[in-house]
>>> print(open('coords-v2.cif').read())   # mmCIF, C-alpha atoms
data_input
loop_
_atom_site.label_atom_id
_atom_site.label_comp_id
_atom_site.auth_asym_id
_atom_site.auth_seq_id
_atom_site.Cartn_x
_atom_site.Cartn_y
_atom_site.Cartn_z
CA MET T 1119 7.36 -6.14 -19.89
CA ARG T 1120 7.67 -3.05 -17.72
CA PHE T 1121 9.80 0.09 -17.46
CA ALA T 1122 11.82 0.66 -14.29
CA ASP T 1123 12.09 4.43 -14.98
CA PRO T 1124 9.08 5.26 -17.17
CA GLN T 1125 9.45 9.01 -16.58
CA MET T 1126 12.42 8.99 -18.98
CA LEU T 1127 10.00 8.27 -21.84
CA PHE T 1128 8.84 11.90 -21.67
CA LEU T 1129 12.11 12.77 -23.44
CA LEU T 1130 10.58 11.25 -26.58
CA LEU T 1131 8.33 14.33 -26.76
CA LEU T 1132 11.42 16.45 -27.47
CA LEU T 1133 12.36 14.53 -30.63
CA PRO T 1134 9.73 15.97 -33.05
CA PRO T 1135 10.55 19.66 -32.35
CA TRP T 1136 14.29 18.83 -32.44
CA ALA T 1137 13.90 17.15 -35.85
CA LEU T 1138 11.89 20.07 -37.27
CA LEU T 1139 14.44 22.61 -36.00
CA ARG T 1140 17.32 20.61 -37.47
CA ARG T 1141 15.56 20.30 -40.84
CA ARG T 1142 14.96 24.06 -40.93
CA ARG T 1143 18.63 24.79 -40.17
CA GLU T 1144 19.76 22.44 -42.95
CA ARG T 1145 17.53 24.20 -45.46
CA THR T 1146 18.97 27.59 -44.57
CA ALA T 1147 22.59 26.38 -44.50
CA PRO T 1148 25.00 27.76 -47.20
CA SER T 1149 24.85 25.77 -50.44
CA LEU T 1150 26.76 25.62 -53.74
CA LEU T 1151 25.84 28.60 -55.96
CA MET T 1152 24.87 27.75 -59.54
CA ALA T 1153 24.11 30.03 -62.47
CA THR T 1154 20.90 28.14 -63.07
CA GLY T 1155 19.34 25.18 -61.32
CA ALA T 1156 17.10 24.05 -64.17
CA ARG T 1157 19.54 21.41 -65.41
CA ILE T 1158 20.13 20.07 -61.90
CA GLU T 1159 16.41 19.74 -61.26
CA ALA T 1160 16.10 17.75 -64.48
CA LEU T 1161 18.56 15.12 -63.23
CA PRO T 1162 16.93 11.77 -62.24
CA ASP T 1163 16.22 11.08 -58.53
CA THR T 1164 18.70 8.32 -57.73
CA LEU T 1165 18.62 5.80 -54.87
CA ARG T 1166 21.64 7.52 -53.33
CA ALA T 1167 19.84 10.86 -53.31
CA ARG T 1168 16.75 9.39 -51.68
CA CYS T 1169 18.88 7.68 -49.01
CA ALA T 1170 20.69 10.95 -48.30
CA ARG T 1171 17.37 12.71 -47.66
CA ALA T 1172 16.28 9.91 -45.31
CA LEU T 1173 19.56 9.93 -43.36
CA PRO T 1174 18.31 12.35 -40.65
CA LEU T 1175 15.61 9.80 -39.75
CA LEU T 1176 18.37 7.39 -38.75
CA ARG T 1177 19.59 9.85 -36.11
CA VAL T 1178 16.04 10.33 -34.78
CA LEU T 1179 15.67 6.56 -34.52
CA LEU T 1180 18.91 6.06 -32.60
CA LEU T 1181 18.00 8.88 -30.20
CA ALA T 1182 14.59 7.29 -29.61
CA LEU T 1183 16.23 3.93 -28.86
CA ALA T 1184 18.64 5.60 -26.45
CA ILE T 1185 15.75 7.26 -24.59
CA VAL T 1186 13.84 3.97 -24.36
CA ALA T 1187 17.01 2.36 -23.00
CA LEU T 1188 17.21 5.08 -20.31
CA ALA T 1189 13.70 4.08 -19.21
CA ARG T 1190 15.13 0.60 -18.48
CA PRO T 1191 12.66 -1.82 -20.09
CA GLN T 1192 12.53 -5.08 -18.18
CA LEU T 1193 11.16 -8.43 -19.31
CA ILE T 1194 9.37 -10.42 -16.61
CA GLU T 1195 11.02 -13.81 -16.63
CA ARG T 1196 8.65 -15.51 -14.20
CA GLU T 1197 5.25 -14.64 -12.73
CA VAL T 1198 3.92 -16.62 -9.78
CA LYS T 1199 0.37 -16.49 -8.45
CA VAL T 1200 0.05 -17.09 -4.73
CA HIS T 1201 -3.25 -18.46 -3.44
CA SER T 1202 -4.14 -18.22 0.23
CA GLU T 1203 -7.18 -18.41 2.46
CA GLY T 1204 -8.01 -15.49 4.70
CA VAL T 1205 -10.34 -12.76 5.84
CA ASP T 1206 -10.13 -9.00 6.09
CA LEU T 1207 -9.98 -7.96 9.73
CA VAL T 1208 -9.86 -4.59 11.45
CA VAL T 1209 -8.72 -4.65 15.07
CA ALA T 1210 -10.02 -1.61 16.99
CA LEU T 1211 -8.15 -1.23 20.27
CA ASP T 1212 -9.22 1.10 23.09
CA LEU T 1213 -6.39 3.41 24.18
CA SER T 1214 -8.26 5.38 26.83
CA THR T 1215 -6.53 6.02 30.16
CA SER T 1216 -8.50 3.25 31.87
CA MET T 1217 -6.57 0.70 29.78
CA LEU T 1218 -3.63 1.42 32.09
CA ALA T 1219 -5.58 -0.13 34.97
CA GLU T 1220 -4.03 -3.16 36.63
CA ASP T 1221 -6.52 -5.78 37.79
CA LEU T 1222 -5.73 -7.21 41.20
CA ALA T 1223 -4.99 -10.91 41.60
CA GLY T 1224 -4.45 -12.13 45.17
CA GLY T 1225 -4.18 -8.52 46.28
CA GLU T 1226 -1.28 -7.81 43.91
CA PRO T 1227 -1.57 -5.78 40.68
CA ARG T 1228 -0.96 -7.61 37.41
CA LYS T 1229 0.19 -6.16 34.10
CA ASN T 1230 -2.02 -3.34 32.91
CA ARG T 1231 -4.81 -4.12 30.47
CA LEU T 1232 -3.15 -2.46 27.49
CA THR T 1233 0.06 -4.46 27.91
CA ILE T 1234 -1.85 -7.75 28.13
CA ALA T 1235 -3.99 -6.82 25.10
CA LYS T 1236 -0.93 -5.94 23.02
CA GLU T 1237 0.87 -9.17 23.95
CA VAL T 1238 -2.09 -11.40 23.10
CA LEU T 1239 -2.83 -9.43 19.93
CA ALA T 1240 0.77 -9.91 18.79
CA GLY T 1241 0.40 -13.67 19.18
CA PHE T 1242 -2.89 -13.59 17.29
CA LEU T 1243 -1.25 -11.80 14.35
CA GLN T 1244 1.42 -14.48 14.10
CA GLY T 1245 -1.23 -17.11 13.44
CA ARG T 1246 -3.17 -15.16 10.80
CA ARG T 1247 -0.65 -15.17 7.94
CA GLY T 1248 -3.30 -15.47 5.24
CA ASP T 1249 -5.36 -12.50 6.43
CA ARG T 1250 -5.26 -8.84 5.60
CA ILE T 1251 -5.41 -7.03 8.92
CA ALA T 1252 -5.76 -3.35 9.72
CA LEU T 1253 -5.14 -1.70 13.08
CA LEU T 1254 -7.33 1.09 14.47
CA ALA T 1255 -6.74 2.84 17.78
CA PHE T 1256 -9.34 4.96 19.52
CA ALA T 1257 -10.02 6.98 22.63
CA ALA T 1258 -12.25 10.08 22.34
CA ARG T 1259 -11.84 9.67 18.57
CA PRO T 1260 -10.43 6.97 16.30
CA TYR T 1261 -7.23 7.15 14.29
CA PRO T 1262 -5.73 4.60 11.87
CA ALA T 1263 -2.58 2.86 13.07
CA ALA T 1264 -2.13 0.53 10.06
CA PRO T 1265 -4.06 -0.10 6.82
CA LEU T 1266 -5.19 -3.51 5.58
CA THR T 1267 -1.98 -5.40 4.94
CA LEU T 1268 -0.47 -8.87 4.74
CA ASP T 1269 2.79 -7.57 6.23
CA HIS T 1270 2.22 -8.86 9.74
CA ASP T 1271 5.79 -8.15 10.81
CA TRP T 1272 5.13 -4.47 10.22
CA LEU T 1273 1.82 -4.82 12.07
CA GLN T 1274 3.68 -6.23 15.05
CA THR T 1275 5.78 -3.06 15.13
CA ALA T 1276 2.64 -0.91 14.90
CA VAL T 1277 1.04 -2.77 17.81
CA ALA T 1278 4.14 -2.36 19.96
CA GLN T 1279 4.11 1.41 19.42
CA LEU T 1280 0.52 1.90 20.62
CA GLN T 1281 0.22 3.90 23.81
CA THR T 1282 -2.32 5.94 25.71
CA GLY T 1283 -2.29 9.75 25.88
CA VAL T 1284 -1.74 10.30 22.15
CA ILE T 1285 -5.20 11.83 21.70
CA GLU T 1286 -7.80 13.24 24.08
CA ASP T 1287 -9.16 10.79 26.62
CA GLY T 1288 -12.54 9.12 26.25
CA THR T 1289 -14.18 6.09 24.67
CA ALA T 1290 -15.82 6.64 21.27
CA ILE T 1291 -17.03 3.13 20.46
CA GLY T 1292 -19.49 4.22 17.77
CA ASP T 1293 -16.97 6.36 15.89
CA ALA T 1294 -14.38 3.60 16.15
CA MET T 1295 -16.73 1.05 14.56
CA LEU T 1296 -17.63 3.41 11.70
CA ALA T 1297 -13.96 4.13 11.07
CA ALA T 1298 -13.27 0.37 11.00
CA LEU T 1299 -16.09 -0.11 8.47
CA ASN T 1300 -14.56 2.58 6.27
CA ARG T 1301 -11.26 0.72 6.43
CA LEU T 1302 -12.91 -2.44 5.15
CA ARG T 1303 -14.89 -0.66 2.43
CA SER T 1304 -11.73 1.01 1.08
CA GLY T 1305 -9.79 -2.28 1.03
CA PRO T 1306 -8.14 -3.78 -2.09
CA ASP T 1307 -11.15 -6.02 -2.95
CA GLU T 1308 -13.91 -3.42 -2.67
CA GLY T 1309 -16.87 -4.43 -4.79
CA ASN T 1310 -15.92 -8.11 -5.17
CA ALA T 1311 -18.74 -10.60 -4.90
CA GLY T 1312 -18.87 -12.43 -1.57
CA GLN T 1313 -16.56 -9.96 0.05
CA ALA T 1314 -18.76 -9.01 3.02
CA LYS T 1315 -19.03 -12.55 4.44
CA SER T 1316 -15.23 -12.62 4.82
CA GLN T 1317 -14.84 -9.35 6.70
CA ALA T 1318 -14.94 -8.76 10.41
CA ILE T 1319 -14.14 -6.21 13.10
CA ILE T 1320 -12.59 -7.04 16.47
CA LEU T 1321 -13.47 -4.36 19.03
CA MET T 1322 -11.45 -4.37 22.27
CA THR T 1323 -12.45 -2.02 25.08
CA ASP T 1324 -12.68 -1.86 28.87
CA GLY T 1325 -15.27 0.90 29.21
CA ARG T 1326 -18.50 2.36 27.89
CA SER T 1327 -19.09 4.80 25.05
CA ASN T 1328 -18.88 8.36 26.40
CA ALA T 1329 -17.50 10.32 23.43
CA GLY T 1330 -17.84 10.69 19.68
CA SER T 1331 -20.66 11.75 17.37
CA SER T 1332 -22.08 8.26 16.63
CA THR T 1333 -23.72 5.82 19.01
CA PRO T 1334 -22.66 2.17 19.17
CA GLU T 1335 -26.21 1.17 18.15
CA LEU T 1336 -26.02 3.25 14.94
CA ALA T 1337 -22.59 1.85 14.08
CA ALA T 1338 -23.82 -1.70 14.72
CA ALA T 1339 -26.77 -1.10 12.36
CA ALA T 1340 -24.34 0.07 9.66
CA ALA T 1341 -22.19 -3.04 10.14
CA ARG T 1342 -25.27 -5.26 9.97
CA THR T 1343 -26.37 -3.58 6.73
CA LEU T 1344 -22.94 -4.16 5.18
CA GLY T 1345 -22.84 -7.75 6.42
CA VAL T 1346 -19.71 -7.22 8.54
CA ARG T 1347 -19.45 -9.22 11.74
CA VAL T 1348 -18.29 -7.37 14.86
CA HIS T 1349 -16.66 -9.42 17.61
CA THR T 1350 -16.46 -7.51 20.87
CA ILE T 1351 -14.02 -8.18 23.69
CA GLY T 1352 -14.58 -6.65 27.09
CA ILE T 1353 -11.24 -6.31 28.84
CA GLY T 1354 -10.74 -6.22 32.59
CA ALA T 1355 -11.85 -8.14 35.66
CA SER T 1356 -15.09 -7.31 37.45
CA GLY T 1357 -13.27 -6.96 40.75
CA PRO T 1358 -11.06 -4.14 42.06
CA ALA T 1359 -8.40 -2.51 39.91
CA VAL T 1360 -5.80 0.22 40.35
CA ILE T 1361 -4.18 2.74 38.04
CA PRO T 1362 -0.55 3.75 38.69
CA VAL T 1363 -0.01 7.49 39.07
CA ASP T 1364 3.13 9.49 39.64
CA ASP T 1365 3.55 10.46 43.28
CA PRO T 1366 4.47 14.16 43.75
CA LEU T 1367 6.89 13.06 46.44
CA GLY T 1368 8.54 10.60 44.10
CA GLY T 1369 7.86 7.07 42.98
CA THR T 1370 4.55 5.59 41.93
CA SER T 1371 1.32 5.25 43.84
CA TYR T 1372 -1.87 3.42 42.94
CA ARG T 1373 -5.36 4.85 42.68
CA ALA T 1374 -8.34 2.52 42.98
CA VAL T 1375 -10.82 2.56 40.09
CA GLN T 1376 -14.23 1.04 39.52
CA ALA T 1377 -14.95 -1.20 36.56
CA ASP T 1378 -17.13 0.61 34.01
CA LEU T 1379 -17.43 -2.02 31.28
CA ASP T 1380 -20.72 -1.74 29.38
CA GLU T 1381 -21.21 -5.44 28.73
CA SER T 1382 -24.84 -5.13 27.64
CA THR T 1383 -23.94 -2.80 24.76
CA LEU T 1384 -21.02 -4.97 23.67
CA ARG T 1385 -23.25 -8.05 23.71
CA GLU T 1386 -25.87 -6.26 21.64
CA ILE T 1387 -23.29 -5.10 19.08
CA ALA T 1388 -21.97 -8.64 18.67
CA SER T 1389 -25.34 -10.39 18.49
CA SER T 1390 -26.89 -7.88 16.06
CA THR T 1391 -24.01 -8.26 13.59
CA GLY T 1392 -23.58 -12.02 13.84
CA GLY T 1393 -20.41 -11.79 15.91
CA SER T 1394 -19.51 -12.98 19.39
CA TYR T 1395 -18.90 -11.28 22.71
CA PHE T 1396 -16.03 -12.29 25.01
CA ARG T 1397 -15.25 -11.15 28.53
CA ALA T 1398 -11.49 -11.29 29.04
CA ASP T 1399 -10.48 -10.71 32.63
CA ASP T 1400 -6.94 -12.04 32.23
CA ARG T 1401 -4.40 -13.04 29.63
CA ASP T 1402 -5.56 -16.67 29.30
CA VAL T 1403 -9.20 -15.75 28.71
CA LEU T 1404 -8.20 -13.09 26.19
CA ALA T 1405 -6.05 -15.62 24.34
CA LYS T 1406 -9.02 -18.03 24.25
CA ALA T 1407 -11.22 -15.26 22.84
CA PHE T 1408 -8.79 -14.72 19.99
CA ALA T 1409 -8.59 -18.49 19.43
CA ASP T 1410 -12.38 -18.55 18.98
CA ILE T 1411 -12.23 -15.64 16.55
CA ASP T 1412 -9.52 -17.54 14.70
CA ARG T 1413 -12.21 -19.95 13.50
CA LEU T 1414 -13.78 -17.32 11.25
CA GLU T 1415 -14.81 -18.32 7.74
CA LYS T 1416 -11.86 -18.28 5.35
CA ARG T 1417 -11.75 -16.62 1.95
CA ARG T 1418 -9.60 -17.41 -1.07
CA ILE T 1419 -7.15 -14.65 -1.93
CA GLU T 1420 -5.07 -14.56 -5.09
CA GLU T 1421 -2.06 -12.31 -5.29
CA LYS T 1422 0.52 -12.01 -8.03
CA VAL T 1423 4.17 -12.19 -7.10
CA PHE T 1424 6.78 -11.35 -9.73
CA PHE T 1425 10.26 -12.80 -9.68
CA SER T 1426 13.38 -11.65 -11.53
CA TYR T 1427 13.47 -9.24 -14.43
CA GLU T 1428 15.70 -9.35 -17.50
CA GLU T 1429 17.16 -5.92 -18.30
CA LEU T 1430 16.71 -5.02 -21.97
CA PHE T 1431 18.50 -1.65 -22.01
CA PRO T 1432 21.99 -3.06 -22.82
CA ALA T 1433 20.70 -4.52 -26.11
CA LEU T 1434 18.91 -1.27 -26.98
CA LEU T 1435 22.04 0.75 -26.27
CA LEU T 1436 24.09 -1.53 -28.53
CA VAL T 1437 21.56 -1.09 -31.34
CA ALA T 1438 21.56 2.68 -30.83
CA LEU T 1439 25.38 2.69 -30.88
CA ALA T 1440 25.42 0.62 -34.09
CA LEU T 1441 22.96 3.01 -35.73
CA GLY T 1442 25.08 5.96 -34.64
CA VAL T 1443 28.22 4.46 -36.17
CA ALA T 1444 26.32 3.61 -39.37
CA GLU T 1445 24.83 7.10 -39.61
CA LEU T 1446 28.21 8.77 -39.10
CA GLY T 1447 29.89 6.46 -41.62
CA LEU T 1448 27.26 6.99 -44.31
CA ARG T 1449 27.15 10.74 -43.77
CA THR T 1450 30.92 11.06 -44.26
CA THR T 1451 31.32 8.54 -47.11
CA LEU T 1452 28.64 7.23 -49.47
CA LEU T 1453 25.95 9.77 -48.60
CA ARG T 1454 28.23 12.73 -48.10
CA THR T 1455 26.77 16.02 -49.33
CA LEU T 1456 28.61 19.13 -50.50
CA PRO T 1457 29.31 21.62 -49.30
#
>>> encode(input="coords-v2.cif", output="structure tokens")
Amino acid sequence: MRFADPQMLFLLLLLPPWALLRRRRERTAPSLLMATGARIEALPDTLRARCARALPLLRVLLLALAIVALARPQLIEREVKVHSEGVDLVVALDLSTSMLAEDLAGGEPRKNRLTIAKEVLAGFLQGRRGDRIALLAFAARPYPAAPLTLDHDWLQTAVAQLQTGVIEDGTAIGDAMLAALNRLRSGPDEGNAGQAKSQAIILMTDGRSNAGSSTPELAAAAARTLGVRVHTIGIGASGPAVIPVDDPLGGTSYRAVQADLDESTLREIASSTGGSYFRADDRDVLAKAFADIDRLEKRRIEEKVFFSYEELFPALLLVALALGVAELGLRTTLLRTLP
């Protein structure tokens, strides 16, 4: 059983002082004056007299039932446990300005790297329904875009909203990995046995670490200590690339850029943590990289799902109403007191 509005139960705290105040007022109320009360005190204590003294408790009881009814007690009619297999993943995506670069194919620019990464990542999320996945974006510093969740439809929305220029430019790979580790450590199953072997980080970048307070080597050592695999994906072709820039005279022009992907560091991060390194120079290769990551070890997850509740407040209100009618009837008839 549960209460839909448990805050209403605090009203029960008002009943004791209300009952004491009411009892004090009844004692000080005007009474029938007698020359002497000795003979009255000598009368036997009848059942009717004892019931009359207990009558105020009936009103306290009906008020308590009414307050509990306001809290809306609900009886769980059915509880279903859902079992699934999955891992906890944190996807760390580089949002530095270089991710806007468009690799040339046949002399013509393709979609920029960020657009391709977001499209392939969206397809990857659709196939990982049993996994809890978090989203981390980074440039000169990391920031969380989505916590660990099974709501992949919401994750799809979060991925679509990612864009460059939100924070200062740069590539803080070390800080991004440490932030991803913190996401995994603060997940719902922290402290469970066998948790580490079913956790992984997917790091996607097209550059080299040039910002942040932690080095990639230090972050990789922390991941290795915690038993978290880090899969690294280097994005971008090794050939020429261009970045679109706004032309002061109107329109868009392209500025040539040089590839600055630090493959050796990404390989070292992956190998030292038990992960894999992938070089994705186009959409198909990136999709294959995610397909390989898709073969990660699975973990059994058990989650409780509750269906349908039976409202109990109507029955409580009827009982409270019946007690109120009974209390009023007794007070004005059988247990009536004078004056």
>>> residues_around(input="coords-v2.cif", residues="stretch 1205-1209 of chain T", least_positions_apart="2", cutoff="6 Å", atoms="all atoms listed in the file", output="list of chain:residue names")
T:Asp1249, T:Arg1250, T:Ile1251, T:Ala1252, T:Leu1253, T:Leu1254, T:Ser1316, T:Gln1317, T:Ala1318, T:Ile1319, T:Ile1320, T:Lys1416, T:Arg1417
>>> residues_around(input="coords-v2.cif", residues="T:Leu1446", least_positions_apart="4", cutoff="12 Å", atoms="only C-alpha atoms", output="compact mmCIF listing (two decimals) with C-alpha atoms, in the coordinates of the input")
# COMPACT_ATOMS: atom_id res chain seq x y z
CA LEU T 1173 19.56 9.93 -43.36
CA PRO T 1174 18.31 12.35 -40.65
CA LEU T 1176 18.37 7.39 -38.75
CA ARG T 1177 19.59 9.85 -36.11
CA LEU T 1180 18.91 6.06 -32.60
CA LEU T 1439 25.38 2.69 -30.88
CA ALA T 1440 25.42 0.62 -34.09
CA LEU T 1441 22.96 3.01 -35.73
CA GLY T 1442 25.08 5.96 -34.64
CA THR T 1450 30.92 11.06 -44.26
CA THR T 1451 31.32 8.54 -47.11
CA LEU T 1452 28.64 7.23 -49.47
CA LEU T 1453 25.95 9.77 -48.60
CA ARG T 1454 28.23 12.73 -48.10
>>> residues_around(input="coords-v2.cif", residues="stretch 1129-1142 of chain T", least_positions_apart="2", cutoff="12 Å", atoms="all atoms listed in the file", output="PyMOL selection string")
chain T and resi 1123-1127+1144-1147+1171-1189
>>> resolve_selection(input="coords-v2.cif", expression="the PyMOL selection byres ((chain T and resi 1280-1283) around 8)", output="list in words")
Leu1213, Ser1214, Thr1215, Met1217, Leu1218, Ala1255, Ala1276, Val1277, Ala1278, Gln1279, Val1284, Ile1285, Glu1286 and Asp1287 of chain T
>>> resolve_selection(input="coords-v2.cif", expression="the PyMOL selection byres ((chain T and resi 1331) around 10)", output="compact mmCIF listing (two decimals) with C-alpha atoms, in the coordinates of the input")
# COMPACT_ATOMS: atom_id res chain seq x y z
CA ALA T 1258 -12.25 10.08 22.34
CA ARG T 1259 -11.84 9.67 18.57
CA ALA T 1290 -15.82 6.64 21.27
CA ILE T 1291 -17.03 3.13 20.46
CA GLY T 1292 -19.49 4.22 17.77
CA ASP T 1293 -16.97 6.36 15.89
CA ASN T 1328 -18.88 8.36 26.40
CA ALA T 1329 -17.50 10.32 23.43
CA GLY T 1330 -17.84 10.69 19.68
CA SER T 1332 -22.08 8.26 16.63
CA THR T 1333 -23.72 5.82 19.01
CA PRO T 1334 -22.66 2.17 19.17
>>> residues_around(input="coords-v2.cif", residues="T:Asp1412", least_positions_apart="2", cutoff="12 Å", atoms="only C-alpha atoms", output="VMD selection string")
chain T and resid 1204 to 1205 1207 1239 1241 to 1249 1318 1320 1349 1394 1405 to 1410 1414 to 1416
>>> residues_around(input="coords-v2.cif", residues="T:Ala1122", least_positions_apart="4", cutoff="8 Å", atoms="all atoms listed in the file", output="list in words")
Ala1189, Arg1190, Pro1191 and Gln1192 of chain T
>>> atom_distance(input="coords-v2.cif", atom1="atom CA of T:Gln1274", atom2="atom CA of T:Gly1352")
21.9 Å
>>> closest_residue(input="coords-v2.cif", among="T:Ala1359, T:Arg1449, T:Tyr1427, T:His1270", to="T:Phe1121", atoms="all atoms listed in the file")
T:Tyr1427
>>> atom_distance(input="coords-v2.cif", atom1="atom CA of T:Val1360", atom2="atom CA of T:Asp1399")
14.2 Å
>>> atom_distance(input="coords-v2.cif", atom1="atom CA of T:Leu1268", atom2="atom CA of T:Met1322")
21.2 Å
>>> closest_residue(input="coords-v2.cif", among="T:Leu1430, T:Ala1444, T:Leu1379, T:Leu1273", to="T:Ala1240", atoms="only C-alpha atoms")
T:Leu1273
